[in-house]
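Visitor: So I've got this file, target-v4.cif, and it contains mmCIF, C-alpha atoms; chains and numbers go by the auth columns:
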```cif
data_target
#
loop_
_atom_site.group_PDB
_atom_site.id
_atom_site.type_symbol
_atom_site.label_atom_id
_atom_site.label_comp_id
_atom_site.label_asym_id
_atom_site.label_seq_id
_atom_site.Cartn_x
_atom_site.Cartn_y
_atom_site.Cartn_z
_atom_site.B_iso_or_equiv
_atom_site.auth_seq_id
_atom_site.auth_asym_id
ATOM 1 C CA MET A 1 78.304 -40.674 -2.465 0.00 16 R
ATOM 2 C CA VAL A 2 76.586 -39.162 -5.521 0.00 17 R
ATOM 3 C CA VAL A 3 75.199 -36.378 -3.382 0.00 18 R
ATOM 4 C CA GLY A 4 78.681 -35.733 -2.121 0.00 19 R
ATOM 5 C CA LYS A 5 80.013 -35.368 -5.633 0.00 20 R
ATOM 6 C CA LYS A 6 77.208 -32.961 -6.530 0.00 21 R
ATOM 7 C CA ALA A 7 77.925 -30.897 -3.449 0.00 22 R
ATOM 8 C CA LEU A 8 81.598 -30.798 -4.334 0.00 23 R
ATOM 9 C CA ILE A 9 80.846 -29.649 -7.871 0.00 24 R
ATOM 10 C CA ILE A 10 78.488 -26.913 -6.631 0.00 25 R
ATOM 11 C CA ALA A 11 81.037 -25.792 -4.061 0.00 26 R
ATOM 12 C CA SER A 12 83.716 -25.621 -6.753 0.00 27 R
ATOM 13 C CA ILE A 13 81.486 -23.539 -9.012 0.00 28 R
ATOM 14 C CA LEU A 14 80.691 -21.155 -6.186 0.00 29 R
ATOM 15 C CA PHE A 15 84.369 -20.866 -5.265 0.00 30 R
ATOM 16 C CA PHE A 16 85.547 -20.022 -8.769 0.00 31 R
ATOM 17 C CA SER A 17 82.655 -17.598 -9.236 0.00 32 R
ATOM 18 C CA ALA A 18 83.731 -15.813 -6.086 0.00 33 R
ATOM 19 C CA VAL A 19 87.319 -15.512 -7.243 0.00 34 R
ATOM 20 C CA GLU A 20 87.721 -12.031 -8.649 0.00 35 R
ATOM 21 C CA THR A 21 88.963 -11.932 -12.218 0.00 36 R
ATOM 22 C CA PRO A 22 91.912 -9.531 -12.398 0.00 37 R
ATOM 23 C CA LYS A 23 91.220 -6.257 -14.215 0.00 38 R
ATOM 24 C CA VAL A 24 93.465 -5.752 -17.226 0.00 39 R
ATOM 25 C CA ILE A 25 95.347 -2.449 -17.385 0.00 40 R
ATOM 26 C CA LEU A 26 97.018 -1.961 -20.748 0.00 41 R
ATOM 27 C CA PHE A 27 99.795 0.627 -20.997 0.00 42 R
ATOM 28 C CA PHE A 28 100.162 1.718 -24.625 0.00 43 R
ATOM 29 C CA GLY A 29 103.147 3.993 -25.071 0.00 44 R
ATOM 30 C CA ASP A 30 106.709 4.643 -26.130 0.00 45 R
ATOM 31 C CA SER A 31 110.112 4.153 -24.481 0.00 46 R
ATOM 32 C CA LEU A 32 108.891 5.622 -21.217 0.00 47 R
ATOM 33 C CA THR A 33 106.265 2.905 -20.825 0.00 48 R
ATOM 34 C CA ALA A 34 108.602 0.246 -22.225 0.00 49 R
ATOM 35 C CA GLY A 35 111.199 1.121 -19.578 0.00 50 R
ATOM 36 C CA TYR A 36 114.035 2.089 -21.897 0.00 51 R
ATOM 37 C CA GLY A 37 117.398 1.038 -20.465 0.00 52 R
ATOM 38 C CA LEU A 38 115.772 -1.055 -17.745 0.00 53 R
ATOM 39 C CA SER A 39 114.178 -4.469 -17.408 0.00 54 R
ATOM 40 C CA THR A 40 110.418 -4.701 -17.885 0.00 55 R
ATOM 41 C CA GLU A 41 110.088 -5.497 -14.174 0.00 56 R
ATOM 42 C CA GLU A 42 111.751 -2.187 -13.278 0.00 57 R
ATOM 43 C CA ALA A 43 109.473 -0.059 -15.469 0.00 58 R
ATOM 44 C CA PHE A 44 106.604 1.789 -13.819 0.00 59 R
ATOM 45 C CA PRO A 45 103.758 -0.370 -15.284 0.00 60 R
ATOM 46 C CA ALA A 46 105.114 -3.501 -13.555 0.00 61 R
ATOM 47 C CA LEU A 47 105.673 -1.557 -10.342 0.00 62 R
ATOM 48 C CA ILE A 48 102.072 -0.320 -10.407 0.00 63 R
ATOM 49 C CA GLU A 49 100.820 -3.887 -10.883 0.00 64 R
ATOM 50 C CA LYS A 50 102.871 -5.036 -7.908 0.00 65 R
ATOM 51 C CA GLU A 51 101.564 -2.256 -5.664 0.00 66 R
ATOM 52 C CA LEU A 52 97.904 -2.664 -6.640 0.00 67 R
ATOM 53 C CA ASN A 53 98.052 -6.412 -6.105 0.00 68 R
ATOM 54 C CA LYS A 54 99.152 -5.869 -2.525 0.00 69 R
ATOM 55 C CA SER A 55 95.604 -4.704 -1.867 0.00 70 R
ATOM 56 C CA ASN A 56 92.265 -6.265 -2.778 0.00 71 R
ATOM 57 C CA LYS A 57 92.464 -4.657 -6.229 0.00 72 R
ATOM 58 C CA LYS A 58 93.703 -7.542 -8.334 0.00 73 R
ATOM 59 C CA VAL A 59 95.060 -6.457 -11.691 0.00 74 R
ATOM 60 C CA LYS A 60 97.010 -7.765 -14.643 0.00 75 R
ATOM 61 C CA VAL A 61 99.208 -5.175 -16.359 0.00 76 R
ATOM 62 C CA VAL A 62 100.100 -5.462 -20.023 0.00 77 R
ATOM 63 C CA ASN A 63 103.099 -3.372 -21.067 0.00 78 R
ATOM 64 C CA ALA A 64 102.609 -2.455 -24.736 0.00 79 R
ATOM 65 C CA GLY A 65 105.320 0.183 -24.788 0.00 80 R
ATOM 66 C CA LEU A 66 107.589 0.446 -27.820 0.00 81 R
ATOM 67 C CA SER A 67 110.723 2.600 -27.864 0.00 82 R
ATOM 68 C CA GLY A 68 110.678 5.306 -30.514 0.00 83 R
ATOM 69 C CA GLU A 69 106.921 5.003 -31.031 0.00 84 R
ATOM 70 C CA THR A 70 105.045 8.003 -32.457 0.00 85 R
ATOM 71 C CA SER A 71 101.301 8.607 -32.396 0.00 86 R
ATOM 72 C CA ALA A 72 101.134 7.469 -36.036 0.00 87 R
ATOM 73 C CA GLY A 73 103.022 4.280 -35.203 0.00 88 R
ATOM 74 C CA GLY A 74 100.674 3.648 -32.297 0.00 89 R
ATOM 75 C CA LEU A 75 97.652 4.089 -34.524 0.00 90 R
ATOM 76 C CA SER A 76 99.038 1.560 -36.996 0.00 91 R
ATOM 77 C CA ARG A 77 99.409 -1.181 -34.346 0.00 92 R
ATOM 78 C CA ILE A 78 96.459 -0.502 -32.041 0.00 93 R
ATOM 79 C CA ASP A 79 94.127 -3.008 -33.733 0.00 94 R
ATOM 80 C CA TRP A 80 96.613 -5.815 -33.085 0.00 95 R
ATOM 81 C CA ILE A 81 97.026 -4.776 -29.449 0.00 96 R
ATOM 82 C CA LEU A 82 93.262 -4.714 -28.888 0.00 97 R
ATOM 83 C CA ARG A 83 92.885 -8.395 -29.677 0.00 98 R
ATOM 84 C CA GLN A 84 93.040 -8.954 -25.914 0.00 99 R
ATOM 85 C CA PRO A 85 90.362 -7.735 -23.458 0.00 100 R
ATOM 86 C CA VAL A 86 91.124 -4.426 -21.719 0.00 101 R
ATOM 87 C CA ASP A 87 89.487 -2.832 -18.681 0.00 102 R
ATOM 88 C CA VAL A 88 91.706 0.255 -18.382 0.00 103 R
ATOM 89 C CA PHE A 89 93.606 1.644 -21.362 0.00 104 R
ATOM 90 C CA VAL A 90 96.503 4.019 -20.646 0.00 105 R
ATOM 91 C CA LEU A 91 97.599 6.098 -23.643 0.00 106 R
ATOM 92 C CA GLU A 92 101.149 7.430 -23.291 0.00 107 R
ATOM 93 C CA LEU A 93 102.137 8.661 -26.737 0.00 108 R
ATOM 94 C CA GLY A 94 103.057 11.919 -28.449 0.00 109 R
ATOM 95 C CA ALA A 95 106.423 12.765 -26.912 0.00 110 R
ATOM 96 C CA ASN A 96 108.339 11.541 -29.953 0.00 111 R
ATOM 97 C CA ASP A 97 106.025 13.550 -32.193 0.00 112 R
ATOM 98 C CA GLY A 98 106.905 16.650 -30.198 0.00 113 R
ATOM 99 C CA LEU A 99 110.641 15.999 -30.205 0.00 114 R
ATOM 100 C CA ARG A 100 110.481 15.687 -33.990 0.00 115 R
ATOM 101 C CA GLY A 101 108.423 18.838 -34.331 0.00 116 R
ATOM 102 C CA LEU A 102 105.586 17.052 -36.087 0.00 117 R
ATOM 103 C CA PRO A 103 102.369 19.026 -36.724 0.00 118 R
ATOM 104 C CA ILE A 104 100.263 19.391 -33.569 0.00 119 R
ATOM 105 C CA GLU A 105 97.015 18.661 -35.402 0.00 120 R
ATOM 106 C CA GLN A 106 98.448 15.423 -36.767 0.00 121 R
ATOM 107 C CA THR A 107 99.349 14.220 -33.280 0.00 122 R
ATOM 108 C CA ARG A 108 95.943 15.212 -31.939 0.00 123 R
ATOM 109 C CA LYS A 109 94.108 13.341 -34.700 0.00 124 R
ATOM 110 C CA ASN A 110 96.200 10.218 -34.252 0.00 125 R
ATOM 111 C CA LEU A 111 95.620 10.105 -30.498 0.00 126 R
ATOM 112 C CA GLN A 112 91.896 10.719 -30.987 0.00 127 R
ATOM 113 C CA SER A 113 91.721 7.888 -33.512 0.00 128 R
ATOM 114 C CA ILE A 114 93.428 5.512 -31.076 0.00 129 R
ATOM 115 C CA ILE A 115 90.933 6.439 -28.362 0.00 130 R
ATOM 116 C CA GLU A 116 88.017 5.900 -30.728 0.00 131 R
ATOM 117 C CA LYS A 117 89.281 2.462 -31.699 0.00 132 R
ATOM 118 C CA VAL A 118 89.530 1.473 -28.038 0.00 133 R
ATOM 119 C CA LYS A 119 86.019 2.740 -27.304 0.00 134 R
ATOM 120 C CA THR A 120 84.584 0.935 -30.320 0.00 135 R
ATOM 121 C CA LYS A 121 86.169 -2.391 -29.383 0.00 136 R
ATOM 122 C CA TYR A 122 85.599 -2.109 -25.624 0.00 137 R
ATOM 123 C CA PRO A 123 82.817 0.431 -24.845 0.00 138 R
ATOM 124 C CA ASP A 124 83.154 -0.043 -21.072 0.00 139 R
ATOM 125 C CA CYS A 125 86.924 0.392 -21.048 0.00 140 R
ATOM 126 C CA LYS A 126 88.195 3.293 -18.965 0.00 141 R
ATOM 127 C CA ILE A 127 90.625 5.603 -20.769 0.00 142 R
ATOM 128 C CA VAL A 128 93.612 7.244 -19.076 0.00 143 R
ATOM 129 C CA LEU A 129 95.578 9.876 -20.961 0.00 144 R
ATOM 130 C CA ALA A 130 99.174 10.529 -19.911 0.00 145 R
ATOM 131 C CA GLY A 131 100.127 14.141 -20.568 0.00 146 R
ATOM 132 C CA MET A 132 103.540 15.043 -21.921 0.00 147 R
ATOM 133 C CA MET A 133 105.559 18.204 -22.565 0.00 148 R
ATOM 134 C CA VAL A 134 108.296 19.098 -25.043 0.00 149 R
ATOM 135 C CA PRO A 135 111.503 21.086 -24.397 0.00 150 R
ATOM 136 C CA PRO A 136 111.233 24.904 -24.575 0.00 151 R
ATOM 137 C CA ASN A 137 113.677 24.999 -27.493 0.00 152 R
ATOM 138 C CA MET A 138 110.759 23.901 -29.705 0.00 153 R
ATOM 139 C CA GLY A 139 109.392 27.438 -29.363 0.00 154 R
ATOM 140 C CA LYS A 140 106.713 28.804 -27.005 0.00 155 R
ATOM 141 C CA GLN A 141 103.802 28.506 -29.417 0.00 156 R
ATOM 142 C CA TYR A 142 104.590 24.891 -30.261 0.00 157 R
ATOM 143 C CA THR A 143 105.214 23.861 -26.638 0.00 158 R
ATOM 144 C CA ASP A 144 102.007 25.531 -25.437 0.00 159 R
ATOM 145 C CA GLU A 145 99.901 23.960 -28.187 0.00 160 R
ATOM 146 C CA PHE A 146 101.490 20.564 -27.604 0.00 161 R
ATOM 147 C CA LYS A 147 100.793 20.693 -23.881 0.00 162 R
ATOM 148 C CA SER A 148 97.140 21.557 -24.558 0.00 163 R
ATOM 149 C CA ILE A 149 96.559 18.393 -26.621 0.00 164 R
ATOM 150 C CA TYR A 150 96.144 16.174 -23.573 0.00 165 R
ATOM 151 C CA PRO A 151 93.647 18.114 -21.424 0.00 166 R
ATOM 152 C CA GLU A 152 91.555 18.792 -24.541 0.00 167 R
ATOM 153 C CA LEU A 153 91.441 15.122 -25.526 0.00 168 R
ATOM 154 C CA ALA A 154 90.733 14.049 -21.943 0.00 169 R
ATOM 155 C CA LYS A 155 87.818 16.481 -21.691 0.00 170 R
ATOM 156 C CA ASN A 156 86.356 15.587 -25.099 0.00 171 R
ATOM 157 C CA ASN A 157 86.573 11.860 -24.409 0.00 172 R
ATOM 158 C CA LYS A 158 85.699 11.909 -20.701 0.00 173 R
ATOM 159 C CA ALA A 159 89.051 10.300 -19.978 0.00 174 R
ATOM 160 C CA THR A 160 91.136 10.467 -16.810 0.00 175 R
ATOM 161 C CA LEU A 161 94.031 12.884 -17.284 0.00 176 R
ATOM 162 C CA ILE A 162 97.506 12.529 -15.841 0.00 177 R
ATOM 163 C CA PRO A 163 98.663 16.146 -16.407 0.00 178 R
ATOM 164 C CA PHE A 164 102.361 15.296 -16.713 0.00 179 R
ATOM 165 C CA ILE A 165 103.513 11.703 -16.365 0.00 180 R
ATOM 166 C CA LEU A 166 107.089 12.743 -15.519 0.00 181 R
ATOM 167 C CA GLU A 167 105.983 14.943 -12.613 0.00 182 R
ATOM 168 C CA GLY A 168 108.763 15.041 -10.007 0.00 183 R
ATOM 169 C CA VAL A 169 111.141 13.185 -12.323 0.00 184 R
ATOM 170 C CA GLY A 170 111.568 15.119 -15.572 0.00 185 R
ATOM 171 C CA GLY A 171 114.627 17.379 -15.581 0.00 186 R
ATOM 172 C CA ILE A 172 116.026 15.968 -12.322 0.00 187 R
ATOM 173 C CA GLU A 173 119.465 14.575 -13.129 0.00 188 R
ATOM 174 C CA LYS A 174 119.696 11.976 -10.361 0.00 189 R
ATOM 175 C CA LEU A 175 116.369 10.432 -11.412 0.00 190 R
ATOM 176 C CA ASN A 176 117.240 10.041 -15.073 0.00 191 R
ATOM 177 C CA GLN A 177 119.662 8.031 -17.153 0.00 192 R
ATOM 178 C CA ALA A 178 122.728 9.530 -18.797 0.00 193 R
ATOM 179 C CA ASP A 179 120.687 10.803 -21.766 0.00 194 R
ATOM 180 C CA GLY A 180 118.775 13.104 -19.435 0.00 195 R
ATOM 181 C CA ILE A 181 115.487 11.977 -21.001 0.00 196 R
ATOM 182 C CA HIS A 182 114.653 8.498 -19.765 0.00 197 R
ATOM 183 C CA PRO A 183 114.016 7.878 -16.037 0.00 198 R
ATOM 184 C CA ASN A 184 116.283 5.484 -14.171 0.00 199 R
ATOM 185 C CA VAL A 185 115.144 2.871 -11.653 0.00 200 R
ATOM 186 C CA GLU A 186 114.475 5.460 -8.956 0.00 201 R
ATOM 187 C CA GLY A 187 112.660 7.672 -11.434 0.00 202 R
ATOM 188 C CA HIS A 188 110.318 4.849 -12.405 0.00 203 R
ATOM 189 C CA LYS A 189 109.598 4.174 -8.738 0.00 204 R
ATOM 190 C CA ILE A 190 108.469 7.779 -8.305 0.00 205 R
ATOM 191 C CA ILE A 191 106.284 7.631 -11.421 0.00 206 R
ATOM 192 C CA ALA A 192 104.675 4.425 -10.154 0.00 207 R
ATOM 193 C CA ASN A 193 104.041 5.928 -6.746 0.00 208 R
ATOM 194 C CA ASN A 194 102.487 9.031 -8.311 0.00 209 R
ATOM 195 C CA LEU A 195 100.214 7.031 -10.601 0.00 210 R
ATOM 196 C CA LYS A 196 99.167 4.361 -8.110 0.00 211 R
ATOM 197 C CA LYS A 197 96.504 6.673 -6.687 0.00 212 R
ATOM 198 C CA VAL A 198 94.987 7.184 -10.133 0.00 213 R
ATOM 199 C CA PHE A 199 94.444 3.466 -10.674 0.00 214 R
ATOM 200 C CA GLU A 200 93.241 2.804 -7.148 0.00 215 R
ATOM 201 C CA LYS A 201 90.253 5.020 -8.006 0.00 216 R
ATOM 202 C CA LEU A 202 89.614 3.363 -11.386 0.00 217 R
ATOM 203 C CA ILE A 203 89.806 -0.310 -10.411 0.00 218 R
#
```
Now that the file is in, can you turn its structure into structure tokens?

Guide:
Amino acid sequence: MVVGKKALIIASILFFSAVETPKVILFFGDSLTAGYGLSTEEAFPALIEKELNKSNKKVKVVNAGLSGETSAGGLSRIDWILRQPVDVFVLELGANDGLRGLPIEQTRKNLQSIIEKVKTKYPDCKIVLAGMMVPPNMGKQYTDEFKSIYPELAKNNKATLIPFILEGVGGIEKLNQADGIHPNVEGHKIIANNLKKVFEKLI
């Protein structure tokens, strides 16, 4: 009887050891990540979690998106967000900086500081940088310099780059809400489908 109990305990230990702990993907962004105008379940981070969990890649997605967030705002709250373990950190910030015409160098420094804080806290964490663009009415020089922020940061930090997170969605009326800026349900589905391949390679 005692032997049986010991065997049961050993079997239980082996079972729980074999159970794969889900990888944590943390999406840190603005209204796009937060799913402005939609429920959290309809936003692309939740959709990506659902798709990845259909396979053997078990993940837990944390949506740390905040509508209206700037790179400076993100930097001010990153320490609080990093209190939880993170395996993959997705940085989707800067668009609101661009729409406000904030200095390019300021945005670049803020994003770099966020990345450095993540690396310091979790050295093995994989970084994903979501590229953004600003409307042409900001002027060619500003739009070109803004667009270059993301590939430069990705290269310097050996991060995975998503060239333009709104690829196939941005500027397409039927895929966006009435404001013409935020994707609707169908738009978020396309974003999730586009990004799924990125995370399949990282997890």

Visitor: With all atoms listed in the file as the atoms that count, which of R:Gln99, R:Asn191, R:Thr85, R:Ser46 lies nearest to R:Asn125?

Guide: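 Once distances to R:Asn125 are computed over all atoms listed in the file, the minimum belongs to R:Thr85.
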
Visitor: Run through the PyMOL selection byres ((chain R and resi 193-199) around 10) on the given coordinates and return the selected residues as a VMD selection string.

Guide: chain R and resid 46 to 47 50 to 53 57 to 59 181 184 to 192 200 to 206

Visitor: For a test of reading the model, state the distance in Å between atom CA of R:Val105 and atom CA of R:Phe42, rounded to one decimal.

Guide: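 These two atoms are separated by 4.7 Å.
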
Visitor: I need the residue nearest R:Phe179 from this list: R:Asn71, R:Gln127, R:Ser91, R:Ser163. Use all atoms listed in the file for the distance.

Guide: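 For R:Phe179, the nearest of the candidates is R:Ser163.
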
Visitor: Counting all atoms listed in the file, which of R:Asn78, R:Asn208, R:Ser70, R:Gln156 gets nearest to R:Ala49?

Guide: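 Of all the options, R:Asn78 lies closest to R:Ala49.
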
Visitor: Taking all atoms listed in the file into account, which of R:Ile119, R:Leu81, R:Ile129, R:Val103 comes nearest R:Ile142?

Guide: R:Val103

Visitor: Could you tell me which of R:Glu160, R:Met147, R:Glu167, R:Asn172 comes closest to R:Ile130 if we count all atoms listed in the file?

Guide: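 Between R:Glu160, R:Met147, R:Glu167, R:Asn172, the residue approaching R:Ile130 most closely is R:Asn172.
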
Visitor: Let me know the residues the PyMOL selection byres ((chain R and resi 37) around 10) catches in the file above, as a ChimeraX atom specification.

Guide: /R:34-36,38-40,68,72-76,102,218

Visitor: Those same residues, written as an mmCIF file, keeping the file's coordinate frame with C-alpha atoms?

Guide:
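Saved to selection11.cif:
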```cif
data_model
loop_
_atom_site.group_PDB
_atom_site.id
_atom_site.type_symbol
_atom_site.label_atom_id
_atom_site.label_comp_id
_atom_site.auth_asym_id
_atom_site.auth_seq_id
_atom_site.Cartn_x
_atom_site.Cartn_y
_atom_site.Cartn_z
ATOM 1 C CA VAL R 34 87.319 -15.512 -7.243
ATOM 2 C CA GLU R 35 87.721 -12.031 -8.649
ATOM 3 C CA THR R 36 88.963 -11.932 -12.218
ATOM 4 C CA LYS R 38 91.220 -6.257 -14.215
ATOM 5 C CA VAL R 39 93.465 -5.752 -17.226
ATOM 6 C CA ILE R 40 95.347 -2.449 -17.385
ATOM 7 C CA ASN R 68 98.052 -6.412 -6.105
ATOM 8 C CA LYS R 72 92.464 -4.657 -6.229
ATOM 9 C CA LYS R 73 93.703 -7.542 -8.334
ATOM 10 C CA VAL R 74 95.060 -6.457 -11.691
ATOM 11 C CA LYS R 75 97.010 -7.765 -14.643
ATOM 12 C CA VAL R 76 99.208 -5.175 -16.359
ATOM 13 C CA ASP R 102 89.487 -2.832 -18.681
ATOM 14 C CA ILE R 218 89.806 -0.310 -10.411
#
```

Visitor: Which residue out of R:Glu107, R:Asp45, R:Asp112, R:Glu66 has the minimum interatomic distance to R:Gly83 when all atoms listed in the file are used?

Guide: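 Between R:Glu107, R:Asp45, R:Asp112, R:Glu66, the residue approaching R:Gly83 most closely is R:Asp45.
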
Visitor: When the PyMOL selection byres ((chain R and resi 117) around 12) is applied to the structure above, which residues does it catch, written out as a CSV table (one decimal) with C-alpha atoms, in the frame of the given file?

Guide:
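Listed below is the output, expr_8.csv:
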```csv
chain,number,residue,atom,x,y,z
R,85,THR,CA,105.0,8.0,-32.5
R,86,SER,CA,101.3,8.6,-32.4
R,87,ALA,CA,101.1,7.5,-36.0
R,109,GLY,CA,103.1,11.9,-28.4
R,110,ALA,CA,106.4,12.8,-26.9
R,111,ASN,CA,108.3,11.5,-30.0
R,112,ASP,CA,106.0,13.6,-32.2
R,113,GLY,CA,106.9,16.6,-30.2
R,114,LEU,CA,110.6,16.0,-30.2
R,115,ARG,CA,110.5,15.7,-34.0
R,116,GLY,CA,108.4,18.8,-34.3
R,118,PRO,CA,102.4,19.0,-36.7
R,119,ILE,CA,100.3,19.4,-33.6
R,120,GLU,CA,97.0,18.7,-35.4
R,121,GLN,CA,98.4,15.4,-36.8
R,122,THR,CA,99.3,14.2,-33.3
R,123,ARG,CA,95.9,15.2,-31.9
R,125,ASN,CA,96.2,10.2,-34.3
R,149,VAL,CA,108.3,19.1,-25.0
R,153,MET,CA,110.8,23.9,-29.7
R,157,TYR,CA,104.6,24.9,-30.3
R,158,THR,CA,105.2,23.9,-26.6
R,160,GLU,CA,99.9,24.0,-28.2
R,161,PHE,CA,101.5,20.6,-27.6
```

Visitor: Just how far from atom CA of R:Lys141 is atom CA of R:Leu217, in Å to one decimal?

Guide: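 Atom-to-atom, atom CA of R:Leu217 to atom CA of R:Lys141, that is 7.7 Å.
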